Every structure is written in C-alpha cells, then in structure tokens.
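Just structure.cif here, mmCIF, C-alpha atoms:
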```cif
data_protein
#
loop_
_atom_site.group_PDB
_atom_site.id
_atom_site.type_symbol
_atom_site.label_atom_id
_atom_site.label_comp_id
_atom_site.auth_asym_id
_atom_site.auth_seq_id
_atom_site.Cartn_x
_atom_site.Cartn_y
_atom_site.Cartn_z
ATOM 1 C CA MET A 1 -23.161 -1.820 -6.612
ATOM 2 C CA ILE A 2 -20.197 -3.880 -7.835
ATOM 3 C CA CYS A 3 -19.436 -1.258 -10.489
ATOM 4 C CA LEU A 4 -19.254 1.484 -7.861
ATOM 5 C CA GLN A 5 -17.030 -0.726 -5.733
ATOM 6 C CA LEU A 6 -14.739 -1.370 -8.712
ATOM 7 C CA PHE A 7 -14.550 2.347 -9.508
ATOM 8 C CA LEU A 8 -13.774 3.370 -5.914
ATOM 9 C CA THR A 9 -11.225 0.591 -5.390
ATOM 10 C CA PHE A 10 -9.287 1.391 -8.547
ATOM 11 C CA PHE A 11 -9.655 5.132 -7.917
ATOM 12 C CA LYS A 12 -7.920 4.556 -4.568
ATOM 13 C CA ILE A 13 -5.174 2.561 -6.299
ATOM 14 C CA GLY A 14 -4.729 5.283 -8.910
ATOM 15 C CA ILE A 15 -4.573 8.159 -6.442
ATOM 16 C CA VAL A 16 -1.953 6.664 -4.097
ATOM 17 C CA SER A 17 0.307 4.900 -6.620
ATOM 18 C CA PHE A 18 3.496 6.566 -7.806
ATOM 19 C CA GLY A 19 5.875 5.277 -10.453
ATOM 20 C CA GLY A 20 3.519 4.054 -13.147
ATOM 21 C CA GLY A 21 1.921 0.706 -13.911
ATOM 22 C CA TYR A 22 4.511 -1.595 -12.381
ATOM 23 C CA ALA A 23 4.518 0.350 -9.120
ATOM 24 C CA MET A 24 0.724 -0.109 -8.952
ATOM 25 C CA LEU A 25 0.930 -3.895 -9.165
ATOM 26 C CA ALA A 26 1.664 -4.495 -5.474
ATOM 27 C CA LEU A 27 -1.302 -2.434 -4.263
ATOM 28 C CA MET A 28 -3.540 -3.731 -7.053
ATOM 29 C CA THR A 29 -2.709 -7.328 -6.122
ATOM 30 C CA ASP A 30 -3.499 -6.692 -2.453
ATOM 31 C CA GLU A 31 -6.826 -5.023 -3.250
ATOM 32 C CA VAL A 32 -7.953 -7.652 -5.763
ATOM 33 C CA LEU A 33 -7.110 -10.480 -3.341
ATOM 34 C CA ALA A 34 -8.768 -8.662 -0.421
ATOM 35 C CA HIS A 35 -12.024 -8.344 -2.380
ATOM 36 C CA GLY A 36 -11.793 -11.955 -3.579
ATOM 37 C CA TRP A 37 -12.108 -10.915 -7.216
ATOM 38 C CA LEU A 38 -9.273 -13.140 -8.444
ATOM 39 C CA SER A 39 -7.036 -15.841 -6.994
ATOM 40 C CA SER A 40 -3.282 -15.416 -6.574
ATOM 41 C CA GLU A 41 -2.697 -17.837 -9.458
ATOM 42 C CA MET A 42 -5.061 -15.889 -11.698
ATOM 43 C CA ILE A 43 -3.239 -12.650 -10.902
ATOM 44 C CA LYS A 44 0.110 -14.192 -11.891
ATOM 45 C CA ASN A 45 -1.379 -15.295 -15.200
ATOM 46 C CA LEU A 46 -3.018 -11.911 -15.670
ATOM 47 C CA VAL A 47 0.309 -10.108 -15.277
ATOM 48 C CA GLY A 48 1.687 -12.134 -18.180
ATOM 49 C CA ILE A 49 -1.398 -11.464 -20.308
ATOM 50 C CA ALA A 50 -1.493 -7.747 -19.468
ATOM 51 C CA GLU A 51 2.215 -7.378 -20.240
ATOM 52 C CA SER A 52 1.828 -9.187 -23.567
ATOM 53 C CA THR A 53 -1.031 -7.037 -24.839
ATOM 54 C CA PRO A 54 -0.842 -3.423 -26.062
ATOM 55 C CA GLY A 55 -1.320 -0.628 -23.537
ATOM 56 C CA PRO A 56 -0.186 0.073 -19.957
ATOM 57 C CA ILE A 57 -0.079 -3.042 -17.792
ATOM 58 C CA SER A 58 -2.042 -1.465 -14.935
ATOM 59 C CA VAL A 59 -4.860 -0.323 -17.232
ATOM 60 C CA ASN A 60 -5.015 -3.742 -18.880
ATOM 61 C CA MET A 61 -5.239 -5.423 -15.489
ATOM 62 C CA ALA A 62 -7.930 -3.046 -14.225
ATOM 63 C CA THR A 63 -9.958 -3.643 -17.383
ATOM 64 C CA PHE A 64 -9.649 -7.425 -17.032
ATOM 65 C CA VAL A 65 -10.564 -7.433 -13.336
ATOM 66 C CA GLY A 66 -13.579 -5.200 -13.972
ATOM 67 C CA SER A 67 -14.686 -7.336 -16.901
ATOM 68 C CA SER A 68 -14.391 -10.524 -14.857
ATOM 69 C CA GLN A 69 -16.697 -9.088 -12.197
ATOM 70 C CA ALA A 70 -19.308 -7.113 -14.140
ATOM 71 C CA GLY A 71 -18.708 -7.455 -17.862
ATOM 72 C CA PHE A 72 -18.254 -4.399 -20.073
ATOM 73 C CA LEU A 73 -19.656 -1.959 -17.507
ATOM 74 C CA GLY A 74 -17.350 -3.356 -14.825
ATOM 75 C CA ALA A 75 -14.345 -3.017 -17.140
ATOM 76 C CA LEU A 76 -15.316 0.586 -17.896
ATOM 77 C CA CYS A 77 -15.757 1.486 -14.215
ATOM 78 C CA ALA A 78 -12.487 -0.130 -13.113
ATOM 79 C CA THR A 79 -10.531 1.494 -15.936
ATOM 80 C CA LEU A 80 -12.067 4.927 -15.353
ATOM 81 C CA GLY A 81 -11.418 4.583 -11.631
ATOM 82 C CA LEU A 82 -7.747 3.838 -12.244
ATOM 83 C CA VAL A 83 -7.021 6.599 -14.779
ATOM 84 C CA THR A 84 -9.182 9.419 -13.369
ATOM 85 C CA PRO A 85 -6.772 10.399 -10.538
ATOM 86 C CA SER A 86 -3.811 10.537 -12.935
ATOM 87 C CA PHE A 87 -5.829 12.574 -15.430
ATOM 88 C CA ILE A 88 -6.837 15.122 -12.791
ATOM 89 C CA ILE A 89 -3.382 15.317 -11.181
ATOM 90 C CA ILE A 90 -1.586 15.738 -14.523
ATOM 91 C CA LEU A 91 -3.976 18.552 -15.502
ATOM 92 C CA ILE A 92 -3.203 20.333 -12.232
ATOM 93 C CA ILE A 93 0.549 19.733 -12.499
ATOM 94 C CA ALA A 94 0.641 20.882 -16.129
ATOM 95 C CA SER A 95 -1.006 24.168 -15.181
ATOM 96 C CA LEU A 96 1.270 24.784 -12.190
ATOM 97 C CA LEU A 97 4.575 23.149 -13.132
ATOM 98 C CA LYS A 98 6.127 26.108 -14.928
ATOM 99 C CA SER A 99 5.748 28.331 -11.892
ATOM 100 C CA PHE A 100 6.874 25.697 -9.356
ATOM 101 C CA ILE A 101 9.544 23.717 -11.211
ATOM 102 C CA LYS A 102 12.388 25.672 -9.544
ATOM 103 C CA ASN A 103 10.837 25.529 -6.094
ATOM 104 C CA PRO A 104 13.185 23.520 -3.808
ATOM 105 C CA TYR A 105 10.263 21.963 -1.917
ATOM 106 C CA VAL A 106 8.675 20.703 -5.141
ATOM 107 C CA ASN A 107 12.009 19.296 -6.317
ATOM 108 C CA GLY A 108 12.488 17.678 -2.920
ATOM 109 C CA ALA A 109 9.058 16.046 -3.053
ATOM 110 C CA LEU A 110 9.707 14.702 -6.563
ATOM 111 C CA SER A 111 13.130 13.409 -5.532
ATOM 112 C CA GLY A 112 11.575 11.676 -2.530
ATOM 113 C CA ALA A 113 8.933 9.979 -4.672
ATOM 114 C CA GLN A 114 11.494 8.411 -7.029
ATOM 115 C CA PRO A 115 13.024 5.860 -4.605
ATOM 116 C CA VAL A 116 9.525 4.926 -3.417
ATOM 117 C CA ALA A 117 8.552 4.102 -7.000
ATOM 118 C CA VAL A 118 11.723 2.044 -7.453
ATOM 119 C CA GLY A 119 11.019 0.188 -4.205
ATOM 120 C CA LEU A 120 7.427 -0.599 -5.194
ATOM 121 C CA ILE A 121 8.497 -1.900 -8.599
ATOM 122 C CA ALA A 122 11.314 -3.992 -7.074
ATOM 123 C CA ALA A 123 9.022 -5.416 -4.376
ATOM 124 C CA THR A 124 6.457 -6.420 -6.990
ATOM 125 C CA GLY A 125 9.092 -8.078 -9.173
ATOM 126 C CA ILE A 126 10.600 -9.999 -6.255
ATOM 127 C CA SER A 127 7.158 -11.038 -5.014
ATOM 128 C CA PHE A 128 6.158 -12.468 -8.400
ATOM 129 C CA MET A 129 9.533 -14.184 -8.824
ATOM 130 C CA ILE A 130 9.162 -15.888 -5.440
ATOM 131 C CA SER A 131 5.560 -16.919 -6.167
ATOM 132 C CA VAL A 132 6.641 -18.506 -9.469
ATOM 133 C CA PHE A 133 9.813 -20.284 -8.348
ATOM 134 C CA PHE A 134 9.008 -20.877 -4.653
ATOM 135 C CA PRO A 135 5.202 -21.098 -4.425
ATOM 136 C CA ALA A 136 5.283 -22.596 -0.912
ATOM 137 C CA PHE A 137 7.309 -19.703 0.519
ATOM 138 C CA GLY A 138 4.407 -17.680 1.887
ATOM 139 C CA SER A 139 2.766 -20.535 3.778
ATOM 140 C CA THR A 140 5.637 -22.773 4.870
ATOM 141 C CA GLY A 141 8.640 -20.496 5.363
ATOM 142 C CA ILE A 142 12.031 -20.327 3.672
ATOM 143 C CA ALA A 143 13.492 -23.712 4.643
ATOM 144 C CA SER A 144 10.422 -25.703 3.638
ATOM 145 C CA ALA A 145 9.966 -23.677 0.457
ATOM 146 C CA ILE A 146 13.539 -24.422 -0.636
ATOM 147 C CA LYS A 147 13.056 -28.137 0.073
ATOM 148 C CA ASN A 148 9.795 -28.160 -1.850
ATOM 149 C CA ILE A 149 10.902 -26.127 -4.857
ATOM 150 C CA ASN A 150 8.222 -25.898 -7.496
ATOM 151 C CA THR A 151 8.047 -29.257 -9.244
ATOM 152 C CA ASN A 152 6.772 -27.571 -12.380
ATOM 153 C CA ALA A 153 9.856 -28.217 -14.504
ATOM 154 C CA ALA A 154 8.471 -26.048 -17.305
ATOM 155 C CA THR A 155 9.134 -22.935 -15.193
ATOM 156 C CA TYR A 156 12.853 -23.687 -15.018
ATOM 157 C CA VAL A 157 13.224 -24.965 -18.567
ATOM 158 C CA LEU A 158 11.474 -21.904 -20.006
ATOM 159 C CA SER A 159 13.510 -19.542 -17.822
ATOM 160 C CA ALA A 160 16.742 -21.184 -19.027
ATOM 161 C CA LEU A 161 15.621 -21.017 -22.669
ATOM 162 C CA ILE A 162 14.669 -17.350 -22.426
ATOM 163 C CA LEU A 163 17.963 -16.467 -20.739
ATOM 164 C CA THR A 164 19.861 -18.409 -23.420
ATOM 165 C CA PHE A 165 17.910 -16.591 -26.146
ATOM 166 C CA ILE A 166 18.799 -13.207 -24.629
ATOM 167 C CA LEU A 167 22.499 -14.095 -24.356
ATOM 168 C CA ILE A 168 22.725 -15.442 -27.923
ATOM 169 C CA PHE A 169 20.795 -12.489 -29.348
ATOM 170 C CA ASN A 170 23.034 -10.076 -27.445
ATOM 171 C CA ARG A 171 26.151 -11.872 -28.679
ATOM 172 C CA ILE A 172 25.054 -11.823 -32.336
ATOM 173 C CA LYS A 173 23.275 -8.461 -32.567
ATOM 174 C CA LYS A 174 25.314 -6.657 -29.878
ATOM 175 C CA LYS A 175 22.088 -5.491 -28.234
ATOM 176 C CA ASN A 176 19.262 -6.891 -26.142
ATOM 177 C CA PRO A 177 16.178 -8.307 -27.881
ATOM 178 C CA SER A 178 13.098 -6.113 -27.975
ATOM 179 C CA PRO A 179 10.250 -6.829 -25.525
ATOM 180 C CA VAL A 180 8.061 -7.885 -28.472
ATOM 181 C CA SER A 181 10.539 -10.524 -29.640
ATOM 182 C CA LEU A 182 10.948 -11.792 -26.073
ATOM 183 C CA ILE A 183 7.181 -12.115 -25.632
ATOM 184 C CA LEU A 184 6.795 -13.966 -28.942
ATOM 185 C CA PHE A 185 9.747 -16.252 -28.194
ATOM 186 C CA SER A 186 8.450 -17.000 -24.688
ATOM 187 C CA ALA A 187 4.960 -17.777 -25.964
ATOM 188 C CA ALA A 188 6.324 -20.071 -28.682
ATOM 189 C CA MET A 189 8.578 -21.899 -26.217
ATOM 190 C CA GLY A 190 5.664 -22.295 -23.796
ATOM 191 C CA ILE A 191 3.536 -23.871 -26.518
ATOM 192 C CA ILE A 192 6.347 -26.290 -27.436
ATOM 193 C CA VAL A 193 7.931 -27.085 -24.065
ATOM 194 C CA CYS A 194 4.937 -27.458 -21.732
ATOM 195 C CA PRO A 195 3.250 -30.345 -23.615
ATOM 196 C CA ILE A 196 6.604 -32.174 -23.938
ATOM 197 C CA ILE A 197 7.281 -31.927 -20.207
ATOM 198 C CA GLU A 198 3.736 -33.088 -19.410
ATOM 199 C CA LEU A 199 4.315 -36.169 -21.627
ATOM 200 C CA ILE A 200 7.614 -36.905 -19.886
ATOM 201 C CA LYS A 201 5.940 -36.730 -16.477
#
```
Structure rendered as structure tokens:
Amino acid sequence: MICLQLFLTFFKIGIVSFGGGYAMLALMTDEVLAHGWLSSEMIKNLVGIAESTPGPISVNMATFVGSSQAGFLGALCATLGLVTPSFIIILIIASLLKSFIKNPYVNGALSGAQPVAVGLIAATGISFMISVFFPAFGSTGIASAIKNINTNAATYVLSALILTFILIFNRIKKKNPSPVSLILFSAAMGIIVCPIIELIK
C-alpha cells in the first residue's frame, strides 16, 4: 500500500512540475511533509545530500524518501513515479515538436511556462534560505525571528567561509569555482568548523 502511495504521490509531483529538479522541490517538500514521511529538518539535510551526490536532485530525493519508507521497493516506486510523467511527455513532444514548433500557441505556452519555473526555483531557494538562517520565521513572525536569529554559529561561519572561497577563487582564476569544488570545500569546512564551534560553546 505504501509503495502505491509513493508512486502516485511522486507521479503527481512529476506531472505538474515544470522547470526541472529545483522547481519540483517546493511541491515535493509540501507533499513529503503532508504525508509525514520526513521532518522539515530532514528535508533540509536531504537537499544537501541530494545535491552533493551524482544525478538529478529531484530523483535523488524521491529515491531517498521512498527508501526511508519502504526500502528498495519504496525507492523504486517513488523514483518511477517521479520520472514516468516526464518520460511519457518527452516521447509525445519529441514526436510532435517538429510539426508544432512554429505554432504561435505552442510558443506562447512554452514562453508562459518559463517564468513559472523561475518563480518556483526562486521560491524554493528563498524558503530554504529562510529556514536555515531564520528558523523561527514560520512560527513566530518576522520581528521575533529577527530577534531570535539562529544561534547556530556554524551556519554563519560556514557561509562566510564559502563566500570568501568563491571570491578568492574568482580573483585568482578569473572564474567561479566548479560545483564539485564548492561541495568538497563546504564538506571539509563543515568537518573542521562544526566541532570547533561546539567546543567553544
């Protein structure tokens, strides 16, 4: 029963999400929380894990959520549920695109979908940023959240270190660091900084 529920839930996410993996995160977060499969804190951690591992972030997250609920079979059902709509839609589009690509209505629909995807991605990014830096925002409002800024100093120290790394790398190499180097640097700094800050506390 849980496997069917996982498949149908992620099928729904896959069929209504536009803009790729990041655009799916907002809807995926809502659905996972609504079903009680993971906590908000677990989802934040999962985003970091899914982004750090190979493959699309949305597929990685679906696989993890499914695995956490029903093992290998749950992971398979959640992943298949997520990718099946895209697979079917792309097959249909590929067979029809050549004949419809110059159709003004098709172009209009595609143009209309682009800002929606941007909005979904931006909303997800802002939501996660607020939950990391102002965890009390959702329950206590803006004023209280600002007064009770996250006391986890590691969040701010790591953010400053990562920003400094990007600026220095850009200054020396005249380009931004690759995502891989940023992930490795962030992980290394987390391993070093977090224990030190815990000792200081």
Rank A:Cys3, A:Leu199, A:Leu33, A:Ala113 by their smallest atom-to-atom distance to Thr63 of chain A, using all atoms listed in the file, and report the top residue only.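 Closest residue, counting all atoms listed in the file: A:Cys3.
Distance check against Ala123 of chain A using all atoms listed in the file: of A:Met61, A:Ile2, A:Ala26, A:Ser86, the minimum falls on A:Ala26.
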Pick out the residues sitting within 9 Å of segment 162-167 of chain A, and hand them over as a list in words; count all atoms listed in the file, and ignore anything fewer than 2 positions along from it in its own chain. Val157, Leu158, Ser159, Ala160, Phe169, Asn170, Arg171, Ile172, Asn176, Pro177, Leu182, Phe185, Ser186 and Met189 of chain A
Using Å and a single decimal, report how far atom CA of Ile15 of chain A sits from atom CA of Pro85 of chain A.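 Separation between atom CA of Pro85 of chain A and atom CA of Ile15 of chain A: 5.2 Å.
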Can you pull out the residues contacting segment 52-59 of chain A? Cut-off 7 Å, using all atoms listed in the file, and skip same-chain residues under 6 positions away; I want them as JSON, numbers by chain. {"A": [21, 24, 25, 79, 183]}
Pick from A:Trp37, A:Tyr22, A:Phe87, A:Phe11: nearest to Asn60 of chain A, with only C-alpha atoms counted?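 Of all the options, A:Tyr22 lies closest to Asn60 of chain A.
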Evaluating the PyMOL selection byres ((chain A and resi 80) around 10) on the displayed file yields which residues, as a list in words?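 Selection result, ordered by chain and number: Leu6, Phe7, Leu8, Phe10, Phe11, Gly14, Val59, Ala62, Thr63, Gly74, Ala75, Leu76, Cys77, Ala78, Thr79, Gly81, Leu82, Val83, Thr84, Pro85 and Phe87 of chain A.
Here, the PyMOL selection byres ((chain A and resi 118) around 12) matches Ser17, Phe18, Gly19, Gly20, Gly21, Tyr22, Ala23, Met24, Ser111, Gly112, Ala113, Gln114, Pro115, Val116, Ala117, Gly119, Leu120, Ile121, Ala122, Ala123, Thr124 and Gly125 of chain A.
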Could you please take those selected residues and save C-alpha atoms as a short mmCIF file (atom, residue, chain, number, x, y, z; two decimals), in the frame of the given file?
```cif
data_model
loop_
_atom_site.label_atom_id
_atom_site.label_comp_id
_atom_site.auth_asym_id
_atom_site.auth_seq_id
_atom_site.Cartn_x
_atom_site.Cartn_y
_atom_site.Cartn_z
CA SER A 17 0.31 4.90 -6.62
CA PHE A 18 3.50 6.57 -7.81
CA GLY A 19 5.88 5.28 -10.45
CA GLY A 20 3.52 4.05 -13.15
CA GLY A 21 1.92 0.71 -13.91
CA TYR A 22 4.51 -1.60 -12.38
CA ALA A 23 4.52 0.35 -9.12
CA MET A 24 0.72 -0.11 -8.95
CA SER A 111 13.13 13.41 -5.53
CA GLY A 112 11.58 11.68 -2.53
CA ALA A 113 8.93 9.98 -4.67
CA GLN A 114 11.49 8.41 -7.03
CA PRO A 115 13.02 5.86 -4.61
CA VAL A 116 9.52 4.93 -3.42
CA ALA A 117 8.55 4.10 -7.00
CA GLY A 119 11.02 0.19 -4.20
CA LEU A 120 7.43 -0.60 -5.19
CA ILE A 121 8.50 -1.90 -8.60
CA ALA A 122 11.31 -3.99 -7.07
CA ALA A 123 9.02 -5.42 -4.38
CA THR A 124 6.46 -6.42 -6.99
CA GLY A 125 9.09 -8.08 -9.17
#
```
note - atom CA of Ile196 of chain A and atom CA of Ser40 of chain A are separated by 26.1 Å
Please return the centre and edge lengths, in Å to one decimal, of a box with edges along x, y and z that contains all listed atoms of segment 91-95 of chain A, widened by 8 Å on every side, as AutoDock Vina command-line options.
```
--center_x -1.7 --center_y 21.4 --center_z -14.2 --size_x 20.6 --size_y 21.6 --size_z 19.9
```
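If you look at atom CA of Met28 of chain A and atom CA of Thr9 of chain A, they are 9.0 Å away from each other.
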Given the choices A:Ala154, A:Phe64, A:Glu51, A:Leu184, which gets closest to Glu198 of chain A if the distance is worked out from all atoms listed in the file?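 Answer, going by the shortest atom-to-atom distance: A:Ala154.
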